[in-house]
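Enquirer: My file is work.cif. It has mmCIF, C-alpha atoms:
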```cif
data_input
#
loop_
_atom_site.label_atom_id
_atom_site.label_comp_id
_atom_site.auth_asym_id
_atom_site.auth_seq_id
_atom_site.Cartn_x
_atom_site.Cartn_y
_atom_site.Cartn_z
CA MET A 11 107.23 91.26 149.22
CA HIS A 12 106.42 87.71 148.10
CA THR A 13 108.76 84.85 149.13
CA LEU A 14 108.52 81.49 147.38
CA LEU A 15 110.47 78.65 149.04
CA ILE A 16 111.17 75.76 146.67
CA THR A 17 112.16 72.28 147.83
CA GLY A 18 111.59 68.64 146.96
CA PRO A 19 113.17 65.19 147.15
CA GLY A 20 116.83 65.10 146.19
CA GLY A 21 117.38 64.85 142.45
CA ALA A 22 113.85 65.97 141.54
CA GLY A 23 115.02 69.11 139.74
CA ARG A 24 114.14 71.72 142.35
CA THR A 25 117.10 73.98 141.38
CA THR A 26 116.02 73.92 137.74
CA VAL A 27 112.43 74.73 138.70
CA ALA A 28 113.60 77.56 140.97
CA ALA A 29 115.66 79.06 138.13
CA ALA A 30 112.79 78.65 135.63
CA THR A 31 110.34 80.24 138.09
CA ALA A 32 112.59 83.25 138.71
CA LEU A 33 113.32 83.71 135.01
CA ALA A 34 109.64 83.47 134.00
CA ALA A 35 108.67 86.01 136.67
CA ALA A 36 111.38 88.43 135.50
CA ARG A 37 110.18 88.03 131.91
CA ARG A 38 106.78 89.25 133.10
CA GLY A 39 108.20 92.41 134.59
CA ARG A 40 108.68 91.32 138.20
CA GLN A 41 111.75 92.38 140.20
CA VAL A 42 113.09 88.99 141.25
CA LEU A 43 115.90 87.84 143.52
CA LEU A 44 116.89 84.17 143.19
CA LEU A 45 118.64 82.86 146.31
CA SER A 46 120.55 79.58 146.26
CA GLY A 47 122.50 77.78 148.97
CA ASP A 48 123.83 74.91 146.87
CA PRO A 49 127.63 74.65 146.70
CA GLY A 50 129.17 75.35 143.31
CA ASP A 51 126.47 77.90 142.38
CA PRO A 52 124.54 75.67 139.92
CA VAL A 53 121.93 78.41 139.44
CA ALA A 54 124.48 80.68 137.76
CA GLU A 55 125.44 77.86 135.39
CA LEU A 56 121.79 77.22 134.57
CA LEU A 57 120.99 80.85 133.77
CA GLY A 58 124.21 81.88 132.11
CA ASP A 59 125.04 85.48 131.19
CA PRO A 60 123.72 88.07 130.81
CA LEU A 61 120.74 87.95 133.18
CA PRO A 62 117.53 89.52 131.88
CA PRO A 63 116.31 92.84 133.33
CA GLY A 64 114.62 92.43 136.69
CA LEU A 65 116.46 89.25 137.71
CA SER A 66 119.35 89.07 140.17
CA VAL A 67 121.00 86.02 141.71
CA ALA A 68 122.55 85.67 145.18
CA ALA A 69 124.56 82.60 146.19
CA VAL A 70 125.13 81.73 149.84
CA ASP A 71 128.77 81.10 150.79
CA SER A 72 128.23 79.15 154.02
CA GLY A 73 131.98 78.73 154.63
CA GLN A 74 132.65 82.46 154.54
CA GLU A 75 129.53 83.16 156.63
CA PHE A 76 130.77 80.71 159.27
CA ARG A 77 134.26 82.22 159.40
CA ASP A 78 132.98 85.80 159.61
CA GLU A 79 130.46 84.96 162.35
CA LEU A 80 132.96 83.03 164.52
CA VAL A 81 135.66 85.70 164.18
CA ALA A 82 133.15 88.39 165.17
CA LEU A 83 131.99 86.27 168.12
CA GLN A 84 135.60 85.91 169.33
CA GLU A 85 136.15 89.65 169.05
CA ARG A 86 133.08 90.42 171.14
CA GLY A 87 134.21 87.95 173.80
CA SER A 88 137.92 88.80 173.65
CA ALA A 89 138.07 89.99 177.28
CA LEU A 90 136.50 86.78 178.54
CA LEU A 91 138.76 84.63 176.35
CA SER A 92 141.81 86.46 177.70
CA MET A 93 140.63 85.96 181.26
CA VAL A 94 140.52 82.17 180.82
CA GLY A 95 143.77 82.04 178.85
CA ALA A 96 142.22 81.02 175.51
CA ARG A 97 143.91 81.73 172.17
CA PRO A 98 141.47 83.00 169.51
CA LEU A 99 141.32 81.17 166.21
CA GLY A 100 142.28 82.99 163.02
CA ALA A 101 139.91 83.09 160.06
CA GLU A 102 142.37 81.06 157.98
CA GLU A 103 142.19 78.23 160.56
CA LEU A 104 138.42 77.86 160.47
CA THR A 105 136.57 75.21 158.51
CA GLU A 106 132.78 75.32 158.60
CA LEU A 107 131.03 72.80 160.83
CA PRO A 108 128.04 70.61 159.88
CA GLY A 109 124.86 72.64 160.17
CA SER A 110 126.44 75.97 159.25
CA GLU A 111 124.75 75.81 155.83
CA GLN A 112 121.31 76.15 157.43
CA PHE A 113 122.31 79.21 159.46
CA ALA A 114 123.94 80.85 156.45
CA LEU A 115 120.84 80.26 154.34
CA LEU A 116 118.56 81.71 157.04
CA ARG A 117 120.70 84.84 157.36
CA ALA A 118 120.70 85.23 153.58
CA LEU A 119 116.90 84.85 153.56
CA ARG A 120 116.61 87.67 156.11
CA ARG A 121 118.83 89.92 153.97
CA ALA A 122 116.91 89.04 150.82
CA ALA A 123 113.60 89.94 152.43
CA ALA A 124 114.97 93.40 153.19
CA ALA A 125 116.44 93.93 149.70
CA PRO A 126 115.11 97.21 148.25
CA GLY A 127 113.26 97.14 144.94
CA THR A 128 112.48 93.40 145.06
CA ASP A 129 108.90 92.11 144.91
CA LEU A 130 109.59 88.36 144.59
CA VAL A 131 112.29 86.28 146.31
CA VAL A 132 112.65 82.71 145.00
CA VAL A 133 114.65 80.49 147.36
CA ASP A 134 116.23 77.22 146.24
CA LEU A 135 116.07 75.30 149.52
CA PRO A 136 117.85 72.04 150.40
CA PRO A 137 116.02 68.69 149.95
CA LEU A 138 112.74 68.14 151.75
CA HIS A 139 113.59 66.90 155.23
CA GLN A 140 116.50 69.30 155.66
CA ALA A 141 114.38 72.17 154.32
CA VAL A 142 111.54 71.58 156.80
CA ALA A 143 114.02 71.34 159.69
CA THR A 144 115.76 74.54 158.57
CA LEU A 145 112.51 76.51 158.39
CA ALA A 146 111.58 75.36 161.91
CA LEU A 147 114.98 76.29 163.33
CA PRO A 148 114.48 80.01 164.21
CA ALA A 149 111.39 79.42 166.36
CA GLN A 150 112.99 76.41 168.05
CA LEU A 151 116.21 78.23 168.90
CA ARG A 152 114.35 81.28 170.22
CA ARG A 153 112.39 79.02 172.55
CA TYR A 154 115.61 77.39 173.79
CA LEU A 155 117.19 80.80 174.42
CA ALA A 156 114.12 82.01 176.31
CA ARG A 157 114.19 78.93 178.55
CA LEU A 158 117.95 78.69 179.14
CA LEU A 159 118.75 82.41 179.31
CA PRO A 160 115.53 84.21 180.26
CA ALA A 161 116.07 87.96 180.20
CA GLU A 162 113.91 88.50 183.29
CA LYS A 163 116.17 86.18 185.35
CA GLN A 164 119.37 88.16 184.92
CA ALA A 165 120.57 88.40 188.51
CA ALA A 166 122.04 91.62 189.87
CA ARG A 167 121.92 93.51 186.58
CA ALA A 168 122.48 96.80 188.38
CA LEU A 169 125.63 95.42 190.04
CA ARG A 170 127.27 94.13 186.89
CA PRO A 171 128.92 97.41 185.83
CA VAL A 172 130.39 97.77 189.34
CA LEU A 173 131.61 94.17 189.38
CA ALA A 174 133.06 94.59 185.90
CA GLN A 175 135.06 97.63 187.04
CA LEU A 176 136.36 95.79 190.10
CA ALA A 177 137.34 92.73 188.09
CA GLY A 178 138.66 94.74 185.16
CA VAL A 179 136.83 92.61 182.60
CA PRO A 180 133.21 92.29 181.47
CA MET A 181 131.30 89.84 183.62
CA PRO A 182 130.67 86.55 181.81
CA ALA A 183 126.94 86.58 182.56
CA GLN A 184 126.56 90.04 181.04
CA TRP A 185 128.42 89.01 177.89
CA LEU A 186 126.34 85.85 177.63
CA TYR A 187 123.02 87.63 177.99
CA GLU A 188 124.03 90.30 175.50
CA ALA A 189 124.95 87.59 172.99
CA ALA A 190 121.64 85.81 173.61
CA ALA A 191 119.71 89.04 173.06
CA ARG A 192 121.53 89.65 169.78
CA TRP A 193 120.90 86.09 168.58
CA ASP A 194 117.24 86.34 169.53
CA GLU A 195 116.89 89.56 167.55
CA GLU A 196 118.41 87.98 164.44
CA LEU A 197 116.33 84.82 164.79
CA ALA A 198 113.17 86.86 165.29
CA ALA A 199 113.82 88.70 162.02
CA VAL A 200 114.19 85.40 160.13
CA GLN A 201 111.14 83.91 161.86
CA ALA A 202 109.10 86.96 160.81
CA VAL A 203 109.97 86.30 157.16
CA ILE A 204 109.14 82.58 157.38
CA GLU A 205 105.82 83.18 159.16
CA ALA A 206 104.72 86.12 156.99
CA ASP A 207 101.48 85.86 155.02
CA THR A 208 103.54 86.51 151.88
CA THR A 209 105.73 83.39 152.31
CA GLU A 210 104.73 80.01 150.87
CA VAL A 211 106.28 76.74 149.71
CA ARG A 212 106.44 75.04 146.31
CA LEU A 213 107.23 71.32 146.24
CA VAL A 214 109.01 69.75 143.27
CA ALA A 215 108.93 66.01 142.59
CA GLU A 216 108.89 63.43 139.82
CA PRO A 217 105.50 61.66 140.07
CA GLY A 218 105.96 58.19 141.51
CA PRO A 219 105.53 56.09 144.68
CA ALA A 220 108.77 57.18 146.40
CA ALA A 221 108.04 60.85 145.81
CA ALA A 222 104.45 60.39 147.02
CA ASP A 223 105.67 59.10 150.40
CA ALA A 224 108.24 61.90 150.69
CA LEU A 225 105.67 64.58 149.84
CA ARG A 226 103.14 63.24 152.35
CA THR A 227 105.71 63.37 155.14
CA ALA A 228 106.89 66.84 154.08
CA ARG A 229 103.33 68.18 153.97
CA LEU A 230 102.91 66.99 157.55
CA GLY A 231 106.02 68.86 158.68
CA LEU A 232 105.05 72.03 156.82
CA ALA A 233 101.48 71.91 158.15
CA LEU A 234 102.85 71.51 161.67
CA GLN A 235 104.86 74.72 161.13
CA GLN A 236 101.79 76.39 159.56
CA LEU A 237 103.66 76.90 156.29
CA PRO A 238 101.27 76.84 153.32
CA VAL A 239 102.08 74.70 150.29
CA ARG A 240 101.26 76.73 147.19
CA ASP A 241 101.45 73.86 144.70
CA VAL A 242 103.32 70.76 143.66
CA VAL A 243 105.38 70.78 140.47
CA ALA A 244 105.15 67.37 138.79
CA ASN A 245 108.51 67.53 137.07
CA ARG A 246 110.01 65.58 134.16
CA THR A 247 106.76 64.02 132.99
CA VAL A 248 106.79 62.03 129.74
CA PRO A 249 103.93 62.33 127.22
CA PRO A 250 101.31 59.54 127.13
CA GLY A 251 100.57 57.41 124.10
CA SER A 252 104.08 56.20 123.35
CA ALA A 253 104.50 53.01 121.32
CA ASP A 254 107.36 52.04 123.61
CA PRO A 255 105.88 49.88 126.43
CA TRP A 256 108.39 51.18 128.96
CA LEU A 257 107.62 54.83 128.22
CA ALA A 258 103.88 54.12 128.15
CA GLY A 259 104.09 52.46 131.57
CA LEU A 260 106.11 55.33 133.01
CA ALA A 261 103.67 57.88 131.62
CA ALA A 262 100.72 56.00 133.14
CA GLN A 263 102.41 55.87 136.55
CA GLN A 264 103.26 59.57 136.45
CA GLU A 265 99.72 60.48 135.43
CA LYS A 266 98.31 58.39 138.28
CA TYR A 267 100.40 60.06 140.98
CA ALA A 268 100.00 63.56 139.56
CA ALA A 269 96.23 63.04 139.72
CA GLN A 270 96.52 61.92 143.35
CA TRP A 271 98.53 65.03 144.23
CA ALA A 272 95.92 67.20 142.55
CA GLY A 273 93.46 66.01 145.19
CA ASP A 274 95.58 67.80 147.83
CA GLY A 275 96.03 71.08 145.98
CA PRO A 276 97.19 72.67 142.72
CA VAL A 277 99.64 70.74 140.53
CA VAL A 278 101.83 72.27 137.82
CA THR A 279 102.99 69.72 135.24
CA LEU A 280 106.34 70.21 133.49
CA ALA A 281 107.40 68.05 130.56
CA HIS A 282 110.68 66.18 130.35
CA LEU A 283 112.91 68.08 127.90
CA GLY A 284 115.21 65.14 127.24
CA PRO A 285 118.68 66.51 128.01
CA ASP A 286 119.13 68.39 131.28
CA PRO A 287 118.05 72.03 130.86
CA GLN A 288 120.97 74.40 130.35
CA GLY A 289 120.63 78.08 129.63
CA GLN A 290 117.77 80.52 129.47
CA ASP A 291 116.28 79.10 126.26
CA ASP A 292 115.75 75.69 127.90
CA LEU A 293 114.31 77.31 131.04
CA ASP A 294 111.92 79.35 128.87
CA ARG A 295 110.78 76.13 127.17
CA LEU A 296 110.25 74.52 130.56
CA ALA A 297 108.10 77.41 131.81
CA ALA A 298 106.24 77.92 128.51
CA PRO A 299 103.01 76.07 129.53
CA GLY A 300 102.58 78.59 132.38
CA GLY A 301 101.77 78.09 136.02
CA LEU A 302 105.24 78.69 137.45
CA VAL A 303 104.87 82.43 138.07
CA PRO A 304 103.07 82.75 141.42
CA ASP A 305 100.25 85.13 142.18
CA PRO A 306 100.24 86.88 145.58
CA PRO A 307 99.37 84.33 148.27
CA ALA A 308 96.21 84.40 150.36
CA PRO A 309 96.51 85.29 154.07
CA ARG A 310 97.31 82.35 156.32
CA ARG A 311 94.63 80.88 158.51
CA ALA A 312 95.33 80.46 162.20
CA TRP A 313 94.38 77.16 163.81
CA PRO A 314 90.79 77.85 164.84
CA VAL A 315 89.25 77.20 168.27
CA GLU A 316 85.66 76.00 168.01
CA ASP A 317 83.33 76.95 170.84
CA ARG A 318 81.26 73.85 171.61
CA LEU A 319 80.61 74.68 175.25
CA ALA A 320 76.85 74.90 174.83
CA GLU A 321 76.56 71.60 172.92
CA ASP A 322 79.31 69.38 174.40
CA GLY A 323 80.93 71.41 177.19
CA VAL A 324 84.27 71.60 175.37
CA LEU A 325 86.43 73.86 173.25
CA VAL A 326 87.99 72.19 170.17
CA TRP A 327 91.35 73.25 168.76
CA VAL A 328 91.47 72.31 165.06
CA VAL A 329 94.97 71.55 163.70
CA PRO A 330 95.02 70.82 159.93
CA LEU A 331 97.41 67.95 159.19
CA PRO A 332 96.67 66.77 155.62
CA GLY A 333 97.61 63.18 154.91
CA ALA A 334 98.27 62.33 158.56
CA HIS A 335 97.70 58.85 159.96
CA LYS A 336 96.96 58.15 163.60
CA ARG A 337 100.26 56.32 163.97
CA ASP A 338 102.05 59.54 162.92
CA LEU A 339 100.66 61.65 165.73
CA ASP A 340 101.35 62.28 169.38
CA LEU A 341 100.55 65.16 171.70
CA VAL A 342 101.50 66.08 175.25
CA ARG A 343 100.22 68.99 177.33
CA ARG A 344 102.94 70.72 179.34
CA GLY A 345 101.88 73.82 181.21
CA ASP A 346 100.66 76.41 178.74
CA GLU A 347 102.17 74.57 175.77
CA LEU A 348 101.23 71.62 173.60
CA LEU A 349 103.93 69.30 172.27
CA LEU A 350 102.75 68.09 168.86
CA THR A 351 104.45 65.29 166.92
CA ALA A 352 103.59 64.52 163.31
CA GLY A 353 105.74 61.81 161.73
CA PRO A 354 109.42 62.74 162.20
CA TYR A 355 108.58 66.35 163.07
CA ARG A 356 107.81 67.96 166.41
CA ARG A 357 106.64 71.42 167.37
CA ILE A 358 105.95 73.00 170.74
CA VAL A 359 103.16 75.57 170.42
CA PRO A 360 101.75 77.94 173.05
CA LEU A 361 98.07 77.40 173.84
CA PRO A 362 95.60 80.16 173.02
CA PRO A 363 94.65 82.06 176.20
CA ALA A 364 91.19 80.45 176.53
CA LEU A 365 92.65 76.94 176.35
CA ARG A 366 95.20 77.58 179.11
CA ARG A 367 92.34 77.46 181.60
CA CYS A 368 91.25 74.04 180.35
CA THR A 369 92.41 70.43 180.56
CA VAL A 370 92.92 68.21 177.52
CA SER A 371 90.03 65.75 177.43
CA GLY A 372 90.71 63.93 174.16
CA ALA A 373 91.76 64.17 170.54
CA ALA A 374 90.69 62.66 167.23
CA LEU A 375 91.98 62.69 163.67
CA THR A 376 89.21 63.25 161.13
CA ASP A 377 89.60 64.08 157.42
CA GLY A 378 93.11 65.42 157.80
CA GLU A 379 92.34 67.48 160.91
CA LEU A 380 93.55 66.81 164.43
CA ARG A 381 90.73 67.96 166.73
CA VAL A 382 91.95 68.42 170.32
CA ARG A 383 89.19 68.74 172.92
CA PHE A 384 89.64 70.97 175.98
CA THR A 385 87.34 70.92 179.00
CA PRO A 386 87.21 74.09 181.14
CA ASP A 387 88.88 73.75 184.55
CA PRO A 388 86.23 74.79 187.11
CA GLY A 389 88.90 76.31 189.33
CA LEU A 390 90.16 78.59 186.55
CA TRP A 391 87.15 79.13 184.29
CA PRO A 392 84.96 82.20 184.93
CA ARG A 393 81.72 81.29 186.68
CA THR A 394 78.42 82.30 185.15
CA ARG A 395 75.25 83.05 187.04
#
```
Now that the file is in, can you turn its structure into structure tokens?

Expert:
Amino acid sequence: MHTLLITGPGGAGRTTVAAATALAAARRGRQVLLLSGDPGDPVAELLGDPLPPGLSVAAVDSGQEFRDELVALQERGSALLSMVGARPLGAEELTELPGSEQFALLRALRRAAAAPGTDLVVVDLPPLHQAVATLALPAQLRRYLARLLPAEKQAARALRPVLAQLAGVPMPAQWLYEAAARWDEELAAVQAVIEADTTEVRLVAEPGPAAADALRTARLGLALQQLPVRDVVANRTVPPGSADPWLAGLAAQQEKYAAQWAGDGPVVTLAHLGPDPQGQDDLDRLAAPGGLVPDPPAPRRAWPVEDRLAEDGVLVWVVPLPGAHKRDLDLVRRGDELLLTAGPYRRIVPLPPALRRCTVSGAALTDGELRVRFTPDPGLWPRTR
């Protein structure tokens, strides 16, 4: 199944583009699920009724997701809560906390990926920075769980049932580890969808200097997470050649930035329709030039390790970071992991096995690639005769 994640700077029309993409794909015979996390369900208003064959829409109710999850969590820990004298909260008392929208969207993405009979899932993500952080969340949380509650460190597992019988309640450590294992399983399922070869990102922006800066930063964050950008949709472009000086200047600026973006990858240009699109006829007009319906994506490329032992005595780990500047980057080796920072984003990645037996001997940024040099540690590297 193909998953297309759509995001962009706030107000750039990403929800409209997501709806137009899903509608155009359904018109071509695809079985499409359009997933939206925006409050108020603007996608349903855009598409209207009835939906064409092959298209279904799912809206994420983050408030209800939060209430259901917290009530279930209290039920699973009811014995422990009773032991400490706590009073469980009722569903009617609960108001969602900041951040619950991201978790609700990730759970909905996992469910959408498992939906039977669907070959394309189009996801209307939040604005750029929040979207990149949300997509990085499953891997980050799984790492935290593995460090803070490592399964192999559960002390006296064999004694817990006996202690539980003596105490009359489940042991807190057992309950905690069981909850961590369940969370890890759910996060792993979401992470598998995000990291699948069939998942890619579409960026939506109005061509201009502010959008150019936002896209460059977002590309850095996505590249750090190894999420491929399929294309950029240059939205709401005005036609050139207007007699109005203001419109002519705007068209020239948009054409300039769209051409710059084309140097980084495919660009799909959508014309400004005048009034805000509303209804399937407007969305069909928007998608009429073509280019919105995605073909199956190419397999992702892992960050390669170049063997330069014979020439320079080093191994080179190549990390593509398009548009990066030296001031954006930082890296720290910590054990068998590398802490990479690119702009406002950070990722901790495990080193490939060969590089774990090496020391970091330098790094350089060249043509959008961070090249990290590793020198074999004589005490760990296999000796050759």

Enquirer: Could you tell me which residues the PyMOL selection byres ((chain A and resi 286) around 10) returns for this structure, as a PyMOL selection string?

Expert: chain A and resi 23+26+56+246+282-285+287-289+292

Enquirer: Expressed in Å to a single decimal, how great is the separation between atom CA of A:Asp317 and atom CA of A:Gly275?

Expert: 28.5 Å

Enquirer: Can you measure atom CA of A:Thr144 to atom CA of A:Thr227 for me? One decimal in Å is fine.

Expert: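 Straight-line distance from atom CA of A:Thr144 to atom CA of A:Thr227 works out to 15.4 Å.
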
Enquirer: Quick one: residues within 7 Å of A:Glu216, all atoms listed in the file, excluding same-chain residues fewer than 2 positions away - as a list in words?

Expert: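 Here the qualifying residues turn out to be Ala22, Gly218, Ala221, Ala244, Asn245 and Arg246 of chain A.
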
Enquirer: For each of A:Asp134, A:Asp254, A:Asp340, A:Asp59, take the minimum atom-to-atom distance to A:Leu116, counting all atoms listed in the file, then give the residue where this is smallest.

Expert: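 Among the listed residues, A:Asp134 lies closest to A:Leu116.
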
Enquirer: The PyMOL selection byres ((chain A and resi 192-209) around 9) - which residues does that actually catch in the file I just gave you? List them as a PyMOL selection string.

Expert: chain A and resi 11-15+116-117+119-121+123+145-149+151-152+155-156+187-191+210-211+235-238+306-310

Enquirer: Restricting the calculation to all atoms listed in the file: of A:Pro363, A:Asp241, A:Gln263, A:Leu257, which residue gets closest to A:Pro217?

Expert: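 Residue with the minimum atom-to-atom distance to A:Pro217: A:Gln263.
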
Enquirer: Counting only C-alpha atoms, which residues have an atom no more than 9 Å from (104.9, 84.7, 142.6) in the file's coordinates? Please list them as a VMD selection string.

Expert: chain A and resid 12 to 14 31 to 32 35 40 129 to 132 302 to 307

Enquirer: From the list A:Leu296, A:Leu232, A:Ala374, A:Leu61, which residue is nearest A:Ala352 when using only C-alpha atoms?

Expert: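 Using only C-alpha atoms, the shortest distance to A:Ala352 belongs to A:Leu232.
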
Enquirer: Separation of atom CA of A:Arg226 and atom CA of A:Ala28, in Å?

Expert: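 Computing the Euclidean distance for atom CA of A:Arg226 and atom CA of A:Ala28 yields 21.1 Å.
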
Enquirer: Show me, as AutoDock Vina command-line options, the centre and edge lengths in Å to one decimal of the axis-aligned box that covers every listed atom of stretch 339-358 of chain A with 6 Å on each side.

Expert:
```
--center_x 104.8 --center_y 69.0 --center_z 171.5 --size_x 21.2 --size_y 26.8 --size_z 31.5
```

Enquirer: Identify all residues satisfying the PyMOL selection byres ((chain A and resi 314) around 7) in the given file; provide them as a short mmCIF file (atom, residue, chain, number, x, y, z; two decimals) with C-alpha atoms, in the coordinates of the input.

Expert:
```cif
data_model
loop_
_atom_site.label_atom_id
_atom_site.label_comp_id
_atom_site.auth_asym_id
_atom_site.auth_seq_id
_atom_site.Cartn_x
_atom_site.Cartn_y
_atom_site.Cartn_z
CA ALA A 312 95.33 80.46 162.20
CA TRP A 313 94.38 77.16 163.81
CA VAL A 315 89.25 77.20 168.27
CA GLU A 316 85.66 76.00 168.01
CA TRP A 327 91.35 73.25 168.76
CA VAL A 328 91.47 72.31 165.06
#
```

Enquirer: List every protein, DNA or RNA residue with an atom no more than 10 Å from (93.8, 56.7, 163.7) in the file's coordinates, counting only C-alpha atoms, and format the result as a list in words.

Expert: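 It turns out the residues near that spot are Ala334, His335, Lys336, Arg337, Asp338, Leu339, Ala374, Leu375 and Thr376 of chain A.
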
Enquirer: Could you check which of A:Arg367, A:Ala224, A:Glu111, A:Ala118 is closest to A:Pro354, using all atoms listed in the file?

Expert: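 Closest residue, counting all atoms listed in the file: A:Ala224.
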
Enquirer: For each of A:Ala233, A:Val248, A:Ala114, A:Ala124, take the minimum atom-to-atom distance to A:Ser46, counting all atoms listed in the file, then give the residue where this is smallest.

Expert: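 Of the candidates, the smallest distance to A:Ser46 is held by A:Ala114.
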
Enquirer: Just checking: using all atoms listed in the file, which residue out of A:Ala253, A:Leu159, A:Leu325, A:Val239 ends up closest to A:Pro276?

Expert: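 Nearest candidate to A:Pro276 out of A:Ala253, A:Leu159, A:Leu325, A:Val239: A:Val239.
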
Enquirer: Can you pull out the residues contacting A:Leu57? Cut-off 9 Å, using all atoms listed in the file, and skip same-chain residues under 2 positions away; I want them as a PyMOL selection string.

Expert: chain A and resi 29-30+33+52-55+59-61+288-290+293
